[in-house]
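Participant: Sharing target-v6.cif, mmCIF, N, CA, C and O atoms:
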```
data_model
#
loop_
_atom_site.label_atom_id
_atom_site.label_comp_id
_atom_site.auth_asym_id
_atom_site.auth_seq_id
_atom_site.Cartn_x
_atom_site.Cartn_y
_atom_site.Cartn_z
N MET Z 413 16.21 -52.86 36.63
CA MET Z 413 17.52 -52.37 36.99
C MET Z 413 17.76 -50.97 36.43
O MET Z 413 18.39 -50.15 37.07
N GLU Z 414 17.24 -50.71 35.21
CA GLU Z 414 17.42 -49.38 34.63
C GLU Z 414 16.67 -48.33 35.43
O GLU Z 414 17.10 -47.18 35.52
N SER Z 415 15.53 -48.71 36.01
CA SER Z 415 14.78 -47.72 36.78
C SER Z 415 15.53 -47.34 38.06
O SER Z 415 15.43 -46.19 38.50
N LEU Z 416 16.28 -48.27 38.64
CA LEU Z 416 17.09 -47.94 39.82
C LEU Z 416 18.22 -46.99 39.46
O LEU Z 416 18.53 -46.07 40.21
N LEU Z 417 18.84 -47.21 38.30
CA LEU Z 417 19.90 -46.32 37.85
C LEU Z 417 19.33 -44.93 37.58
O LEU Z 417 19.92 -43.91 37.98
N GLY Z 418 18.19 -44.86 36.94
CA GLY Z 418 17.54 -43.57 36.69
C GLY Z 418 17.17 -42.86 37.97
O GLY Z 418 17.33 -41.65 38.10
N LEU Z 419 16.67 -43.62 38.93
CA LEU Z 419 16.33 -43.05 40.22
C LEU Z 419 17.56 -42.51 40.93
O LEU Z 419 17.53 -41.42 41.52
N ALA Z 420 18.66 -43.26 40.87
CA ALA Z 420 19.90 -42.81 41.51
C ALA Z 420 20.43 -41.54 40.87
O ALA Z 420 20.88 -40.62 41.57
N VAL Z 421 20.37 -41.46 39.55
CA VAL Z 421 20.85 -40.26 38.86
C VAL Z 421 19.97 -39.06 39.19
O VAL Z 421 20.47 -37.98 39.50
N MET Z 422 18.66 -39.26 39.18
CA MET Z 422 17.76 -38.14 39.47
C MET Z 422 17.83 -37.72 40.94
O MET Z 422 17.70 -36.54 41.25
N ALA Z 423 18.05 -38.66 41.84
CA ALA Z 423 18.19 -38.31 43.26
C ALA Z 423 19.53 -37.62 43.52
O ALA Z 423 19.66 -36.87 44.49
N GLY Z 424 20.50 -37.86 42.66
CA GLY Z 424 21.80 -37.23 42.82
C GLY Z 424 21.78 -35.73 42.60
O GLY Z 424 22.63 -35.01 43.13
N VAL Z 425 20.82 -35.24 41.85
CA VAL Z 425 20.76 -33.80 41.56
C VAL Z 425 20.44 -32.99 42.82
O VAL Z 425 21.23 -32.13 43.22
N PRO Z 426 19.32 -33.23 43.48
CA PRO Z 426 19.08 -32.44 44.70
C PRO Z 426 20.08 -32.77 45.81
O PRO Z 426 20.44 -31.88 46.59
N ALA Z 427 20.53 -34.01 45.85
CA ALA Z 427 21.52 -34.39 46.86
C ALA Z 427 22.80 -33.59 46.68
O ALA Z 427 23.40 -33.13 47.66
N TYR Z 428 23.22 -33.40 45.44
CA TYR Z 428 24.44 -32.65 45.19
C TYR Z 428 24.33 -31.22 45.70
O TYR Z 428 25.24 -30.70 46.33
N PHE Z 429 23.20 -30.58 45.43
CA PHE Z 429 23.04 -29.18 45.82
C PHE Z 429 22.85 -29.01 47.33
O PHE Z 429 22.92 -27.89 47.84
N ILE Z 430 22.64 -30.10 48.05
CA ILE Z 430 22.61 -30.07 49.51
C ILE Z 430 23.98 -30.42 50.07
O ILE Z 430 24.48 -29.76 50.99
N ILE Z 431 24.61 -31.45 49.51
CA ILE Z 431 25.87 -31.96 50.04
C ILE Z 431 27.03 -31.01 49.76
O ILE Z 431 27.88 -30.79 50.63
N GLN Z 432 27.11 -30.44 48.56
CA GLN Z 432 28.25 -29.59 48.20
C GLN Z 432 28.44 -28.43 49.17
O GLN Z 432 29.52 -28.26 49.72
N PRO Z 433 27.42 -27.61 49.43
CA PRO Z 433 27.66 -26.52 50.39
C PRO Z 433 27.92 -27.03 51.82
O PRO Z 433 28.70 -26.42 52.56
N ALA Z 434 27.29 -28.15 52.17
CA ALA Z 434 27.47 -28.67 53.53
C ALA Z 434 28.92 -29.09 53.78
O ALA Z 434 29.50 -28.76 54.82
N VAL Z 435 29.52 -29.80 52.83
CA VAL Z 435 30.91 -30.24 53.04
C VAL Z 435 31.87 -29.05 52.95
O VAL Z 435 32.88 -29.04 53.66
N LEU Z 436 31.59 -28.09 52.12
CA LEU Z 436 32.45 -26.91 52.06
C LEU Z 436 32.38 -26.12 53.36
O LEU Z 436 33.37 -25.51 53.77
N TRP Z 437 31.26 -26.14 54.00
CA TRP Z 437 31.08 -25.42 55.25
C TRP Z 437 31.74 -26.15 56.42
O TRP Z 437 32.30 -25.51 57.31
N GLN Z 438 31.70 -27.49 56.41
CA GLN Z 438 32.10 -28.26 57.59
C GLN Z 438 33.52 -28.81 57.53
O GLN Z 438 34.14 -28.99 58.58
N TRP Z 439 34.03 -29.13 56.36
CA TRP Z 439 35.32 -29.80 56.29
C TRP Z 439 36.47 -28.80 56.27
O TRP Z 439 36.41 -27.78 55.59
N PRO Z 440 37.55 -29.10 56.99
CA PRO Z 440 38.69 -28.18 57.03
C PRO Z 440 39.78 -28.53 56.00
O PRO Z 440 39.81 -29.64 55.46
N GLY Z 441 40.65 -27.59 55.75
CA GLY Z 441 41.90 -27.79 55.02
C GLY Z 441 41.83 -28.50 53.69
O GLY Z 441 41.10 -28.10 52.79
N GLY Z 442 42.62 -29.56 53.59
CA GLY Z 442 42.72 -30.31 52.35
C GLY Z 442 41.43 -31.01 51.96
O GLY Z 442 41.17 -31.20 50.77
N TRP Z 443 40.63 -31.37 52.94
CA TRP Z 443 39.34 -32.00 52.63
C TRP Z 443 38.42 -31.00 51.92
O TRP Z 443 37.69 -31.36 51.01
N ARG Z 444 38.49 -29.75 52.34
CA ARG Z 444 37.68 -28.72 51.67
C ARG Z 444 38.15 -28.52 50.23
O ARG Z 444 37.35 -28.37 49.32
N LEU Z 445 39.46 -28.52 50.03
CA LEU Z 445 39.99 -28.39 48.67
C LEU Z 445 39.56 -29.57 47.80
O LEU Z 445 39.22 -29.39 46.64
N ALA Z 446 39.60 -30.77 48.37
CA ALA Z 446 39.16 -31.94 47.61
C ALA Z 446 37.67 -31.86 47.31
O ALA Z 446 37.23 -32.32 46.25
N ALA Z 447 36.90 -31.27 48.20
CA ALA Z 447 35.46 -31.15 47.98
C ALA Z 447 35.12 -30.08 46.93
O ALA Z 447 34.01 -30.06 46.42
N LEU Z 448 36.08 -29.23 46.60
CA LEU Z 448 35.86 -28.23 45.56
C LEU Z 448 35.94 -28.82 44.15
O LEU Z 448 35.46 -28.21 43.19
N ALA Z 449 36.54 -29.98 44.01
CA ALA Z 449 36.77 -30.59 42.70
C ALA Z 449 35.51 -30.76 41.85
O ALA Z 449 35.55 -30.48 40.64
N PRO Z 450 34.38 -31.18 42.40
CA PRO Z 450 33.19 -31.33 41.54
C PRO Z 450 32.72 -30.03 40.91
O PRO Z 450 32.04 -30.04 39.89
N LEU Z 451 33.09 -28.90 41.51
CA LEU Z 451 32.69 -27.62 40.93
C LEU Z 451 33.35 -27.38 39.57
O LEU Z 451 32.81 -26.63 38.75
N LEU Z 452 34.50 -28.03 39.32
CA LEU Z 452 35.15 -27.90 38.02
C LEU Z 452 34.31 -28.50 36.90
O LEU Z 452 34.45 -28.12 35.74
N LEU Z 453 33.45 -29.43 37.24
CA LEU Z 453 32.54 -30.04 36.27
C LEU Z 453 31.16 -29.40 36.32
O LEU Z 453 30.53 -29.18 35.28
N THR Z 454 30.71 -29.09 37.51
CA THR Z 454 29.33 -28.63 37.69
C THR Z 454 29.12 -27.19 37.22
O THR Z 454 28.08 -26.89 36.62
N LEU Z 455 30.06 -26.31 37.49
CA LEU Z 455 29.87 -24.91 37.08
C LEU Z 455 29.81 -24.74 35.56
O LEU Z 455 28.91 -24.05 35.07
N PRO Z 456 30.72 -25.37 34.78
CA PRO Z 456 30.55 -25.28 33.32
C PRO Z 456 29.25 -25.92 32.84
O PRO Z 456 28.62 -25.43 31.90
N ALA Z 457 28.84 -27.01 33.48
CA ALA Z 457 27.57 -27.65 33.11
C ALA Z 457 26.40 -26.72 33.41
O ALA Z 457 25.43 -26.66 32.63
N LEU Z 458 26.48 -25.98 34.50
CA LEU Z 458 25.43 -25.02 34.84
C LEU Z 458 25.37 -23.89 33.81
O LEU Z 458 24.29 -23.53 33.33
N VAL Z 459 26.53 -23.37 33.44
CA VAL Z 459 26.58 -22.31 32.43
C VAL Z 459 26.02 -22.81 31.09
O VAL Z 459 25.22 -22.14 30.44
N PHE Z 460 26.44 -24.01 30.69
CA PHE Z 460 25.94 -24.60 29.45
C PHE Z 460 24.43 -24.83 29.51
O PHE Z 460 23.72 -24.56 28.53
N SER Z 461 23.94 -25.30 30.64
CA SER Z 461 22.50 -25.54 30.79
C SER Z 461 21.72 -24.24 30.71
O SER Z 461 20.66 -24.18 30.07
N LEU Z 462 22.21 -23.20 31.36
CA LEU Z 462 21.52 -21.91 31.29
C LEU Z 462 21.55 -21.33 29.88
O LEU Z 462 20.57 -20.75 29.42
N PHE Z 463 22.67 -21.51 29.18
CA PHE Z 463 22.75 -21.06 27.79
C PHE Z 463 21.76 -21.84 26.92
O PHE Z 463 21.07 -21.26 26.07
N SER Z 464 21.68 -23.15 27.14
CA SER Z 464 20.75 -23.98 26.37
C SER Z 464 19.31 -23.59 26.67
O SER Z 464 18.46 -23.60 25.76
N LEU Z 465 19.00 -23.28 27.92
CA LEU Z 465 17.65 -22.83 28.27
C LEU Z 465 17.32 -21.53 27.57
O LEU Z 465 16.22 -21.36 27.03
N GLN Z 466 18.29 -20.62 27.55
CA GLN Z 466 18.07 -19.34 26.89
C GLN Z 466 17.86 -19.51 25.38
O GLN Z 466 17.11 -18.76 24.77
N GLN Z 467 18.47 -20.53 24.80
CA GLN Z 467 18.31 -20.80 23.38
C GLN Z 467 17.02 -21.57 23.06
O GLN Z 467 16.71 -21.79 21.90
N GLY Z 468 16.32 -22.02 24.10
CA GLY Z 468 15.05 -22.70 23.90
C GLY Z 468 15.15 -24.20 23.75
O GLY Z 468 14.20 -24.84 23.29
N SER Z 469 16.26 -24.79 24.13
CA SER Z 469 16.42 -26.24 24.03
C SER Z 469 15.55 -26.93 25.07
O SER Z 469 15.47 -26.51 26.21
N ASN Z 470 14.92 -28.03 24.66
CA ASN Z 470 14.11 -28.78 25.62
C ASN Z 470 14.96 -29.79 26.40
O ASN Z 470 14.47 -30.40 27.34
N LEU Z 471 16.22 -29.93 26.06
CA LEU Z 471 17.13 -30.83 26.76
C LEU Z 471 18.11 -30.06 27.64
O LEU Z 471 19.15 -30.59 28.03
N TRP Z 472 17.78 -28.85 27.98
CA TRP Z 472 18.71 -27.97 28.68
C TRP Z 472 19.22 -28.51 30.01
O TRP Z 472 20.36 -28.27 30.37
N PRO Z 473 18.45 -29.28 30.80
CA PRO Z 473 18.99 -29.66 32.11
C PRO Z 473 19.89 -30.91 32.08
O PRO Z 473 20.47 -31.26 33.10
N LEU Z 474 20.02 -31.57 30.95
CA LEU Z 474 20.75 -32.85 30.92
C LEU Z 474 22.20 -32.74 31.37
O LEU Z 474 22.67 -33.58 32.15
N ALA Z 475 22.91 -31.76 30.91
CA ALA Z 475 24.32 -31.63 31.30
C ALA Z 475 24.44 -31.44 32.81
O ALA Z 475 25.30 -32.05 33.46
N LEU Z 476 23.58 -30.63 33.38
CA LEU Z 476 23.62 -30.39 34.82
C LEU Z 476 23.19 -31.63 35.60
O LEU Z 476 23.76 -31.92 36.65
N ILE Z 477 22.23 -32.37 35.10
CA ILE Z 477 21.80 -33.59 35.78
C ILE Z 477 22.94 -34.59 35.86
O ILE Z 477 23.22 -35.15 36.93
N PHE Z 478 23.61 -34.81 34.74
CA PHE Z 478 24.71 -35.79 34.74
C PHE Z 478 25.91 -35.29 35.55
O PHE Z 478 26.55 -36.07 36.26
N ALA Z 479 26.20 -34.01 35.48
CA ALA Z 479 27.32 -33.47 36.26
C ALA Z 479 27.03 -33.54 37.75
O ALA Z 479 27.92 -33.88 38.54
N ALA Z 480 25.81 -33.25 38.15
CA ALA Z 480 25.45 -33.31 39.56
C ALA Z 480 25.49 -34.75 40.07
O ALA Z 480 25.90 -35.00 41.20
N ALA Z 481 25.08 -35.70 39.24
CA ALA Z 481 25.14 -37.11 39.65
C ALA Z 481 26.58 -37.55 39.86
O ALA Z 481 26.90 -38.23 40.85
N VAL Z 482 27.48 -37.16 38.96
CA VAL Z 482 28.90 -37.49 39.11
C VAL Z 482 29.47 -36.79 40.34
O VAL Z 482 30.24 -37.39 41.11
N GLY Z 483 29.10 -35.55 40.57
CA GLY Z 483 29.56 -34.82 41.74
C GLY Z 483 29.09 -35.46 43.04
O GLY Z 483 29.84 -35.53 44.02
N THR Z 484 27.87 -35.96 43.05
CA THR Z 484 27.36 -36.64 44.23
C THR Z 484 28.14 -37.92 44.50
O THR Z 484 28.49 -38.21 45.66
N LEU Z 485 28.43 -38.69 43.46
CA LEU Z 485 29.23 -39.90 43.61
C LEU Z 485 30.61 -39.57 44.17
O LEU Z 485 31.12 -40.25 45.06
N TYR Z 486 31.23 -38.54 43.63
CA TYR Z 486 32.55 -38.13 44.08
C TYR Z 486 32.53 -37.71 45.55
O TYR Z 486 33.37 -38.13 46.33
N LEU Z 487 31.57 -36.87 45.91
CA LEU Z 487 31.50 -36.41 47.29
C LEU Z 487 31.17 -37.55 48.25
O LEU Z 487 31.66 -37.59 49.38
N GLY Z 488 30.36 -38.50 47.79
CA GLY Z 488 30.09 -39.68 48.61
C GLY Z 488 31.33 -40.51 48.83
O GLY Z 488 31.60 -40.98 49.95
N ALA Z 489 32.13 -40.70 47.78
CA ALA Z 489 33.38 -41.45 47.91
C ALA Z 489 34.36 -40.71 48.80
O ALA Z 489 35.07 -41.32 49.61
N LEU Z 490 34.40 -39.40 48.69
CA LEU Z 490 35.27 -38.59 49.53
C LEU Z 490 34.85 -38.67 50.99
O LEU Z 490 35.69 -38.77 51.89
N TRP Z 491 33.55 -38.65 51.23
CA TRP Z 491 33.04 -38.79 52.59
C TRP Z 491 33.43 -40.15 53.18
O TRP Z 491 33.85 -40.23 54.33
N LEU Z 492 33.28 -41.22 52.37
CA LEU Z 492 33.68 -42.55 52.83
C LEU Z 492 35.17 -42.62 53.14
O LEU Z 492 35.58 -43.21 54.14
N ALA Z 493 35.99 -42.02 52.28
CA ALA Z 493 37.44 -42.01 52.52
C ALA Z 493 37.77 -41.26 53.80
O ALA Z 493 38.60 -41.72 54.60
N ARG Z 494 37.14 -40.13 54.02
CA ARG Z 494 37.39 -39.34 55.22
C ARG Z 494 36.94 -40.10 56.46
O ARG Z 494 37.62 -40.12 57.48
N ARG Z 495 35.80 -40.74 56.34
CA ARG Z 495 35.28 -41.53 57.47
C ARG Z 495 36.19 -42.71 57.78
O ARG Z 495 36.41 -43.02 58.94
N TRP Z 496 36.71 -43.36 56.75
CA TRP Z 496 37.58 -44.51 56.92
C TRP Z 496 38.92 -44.10 57.55
O TRP Z 496 39.44 -44.79 58.41
N LEU Z 497 39.44 -42.96 57.13
CA LEU Z 497 40.72 -42.50 57.66
C LEU Z 497 40.62 -42.03 59.11
O LEU Z 497 41.59 -42.15 59.87
N TYR Z 498 39.49 -41.48 59.50
CA TYR Z 498 39.33 -40.96 60.85
C TYR Z 498 38.58 -41.91 61.78
O TYR Z 498 38.25 -41.53 62.90
N ALA Z 499 38.31 -43.12 61.34
CA ALA Z 499 37.56 -44.09 62.17
C ALA Z 499 38.41 -44.67 63.26
O ALA Z 499 39.58 -44.72 63.28
#
```
Written as structure tokens, how would this file's structure read?

Facilitator:
Amino acid sequence: MESLLGLAVMAGVPAYFIIQPAVLWQWPGGWRLAALAPLLLTLPALVFSLFSLQQGSNLWPLALIFAAAVGTLYLGALWLARRWLYA
């Protein structure tokens, strides 16, 4: 079970970087504003990760990995809500 959770978290990283620009490009109005919310977590995590990399930390990507996984979950839930409302 732990390996499935690890797989989901690791798959969330590339998925986030594909899904985030796609929804910002395609969704109109309030949905686009709601899709901007994960950036409030991801951008500081990116800055922190880059700072940690510059300092030579071997754990530098962890903050970005966890933030991207949370962002993917949020965008997935938002997609489901949008789909449910417009079905």

Participant: Can you tell me which residues surround Met422 in chain Z at a distance of at most 7 Å, considering all atoms listed in the file, apart from same-chain residues fewer than 6 positions away, and format the answer as a ChimeraX atom specification?

Facilitator: /Z:416,477,481

Participant: For the PyMOL selection byres (((chain Z and resi 433 and name CA) around 12) and name CA), applied here, can you spell out every residue it catches as a PyMOL selection string?

Facilitator: chain Z and resi 426-432+434-439+444+447-448+450-451+484+487

Participant: DSSP on the backbone: which residues in chain Z end up as helix (DSSP H, G or I)? Give the answer as JSON, numbers by chain.

Facilitator: {"Z": [414, 415, 416, 417, 418, 419, 420, 421, 422, 423, 424, 425, 426, 427, 428, 429, 430, 431, 432, 433, 434, 435, 436, 437, 438, 441, 442, 443, 444, 445, 446, 447, 451, 452, 453, 454, 455, 456, 457, 458, 459, 460, 461, 462, 463, 464, 465, 466, 467, 474, 475, 476, 477, 478, 479, 480, 481, 482, 483, 484, 485, 486, 487, 488, 489, 490, 491, 492, 493, 494, 495, 496, 497]}

Participant: Just checking: using only N, CA, C and O atoms, which residue out of Z:Leu458, Z:Leu417, Z:Ala449, Z:Leu465 ends up closest to Gly483 in chain Z?

Facilitator: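 Closest to Gly483 in chain Z, using only N, CA, C and O atoms: Z:Ala449.
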
Participant: Hey, what's within 8 Å of Tyr486 in chain Z if we count all atoms listed in the file and toss same-chain stuff fewer than 6 positions away? As a VMD selection string, please?

Facilitator: chain Z and resid 446 to 447 450 479 to 480 492 to 493

Participant: May I ask for the distance between CA of Tyr498 in chain Z and atom O of Leu445 in chain Z, given in Å to one decimal place?

Facilitator: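 Between CA of Tyr498 in chain Z and atom O of Leu445 in chain Z the gap is 18.3 Å.
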
Participant: Mind giving me the straight-line distance from atom O of Val482 in chain Z to CA of Leu419 in chain Z in Å, one decimal?

Facilitator: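 For atom O of Val482 in chain Z relative to CA of Leu419 in chain Z, the distance reads 15.0 Å.
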
Participant: Mind working out the centre and edge lengths of an axis-aligned box for range 430-449 of chain Z, all listed atoms inside, 5 Å added to each side, rounded to one decimal in Å and written as AutoDock Vina command-line options?

Facilitator:
```
--center_x 32.7 --center_y -28.9 --center_z 49.6 --size_x 30.1 --size_y 16.9 --size_z 27.9
```

Participant: Interatomic distance between atom O of Ala475 in chain Z and atom O of Ala457 in chain Z?

Facilitator: 5.5 Å

Participant: Give the answer as one residue: which of Z:Gly441, Z:Asn470, Z:Leu485, Z:Leu476 has the shortest atom-to-atom distance to Pro456 in chain Z, using all atoms listed in the file?

Facilitator: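 Among Z:Gly441, Z:Asn470, Z:Leu485, Z:Leu476, it is Z:Leu476 that comes nearest to Pro456 in chain Z.
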
Participant: Quick one: of Z:Leu452, Z:Ser461, Z:Trp443, Z:Ser469, who's nearest to Leu490 in chain Z, counting only N, CA, C and O atoms?

Facilitator: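 Checking each of Z:Leu452, Z:Ser461, Z:Trp443, Z:Ser469 against Leu490 in chain Z, counting only N, CA, C and O atoms, the winner is Z:Trp443.
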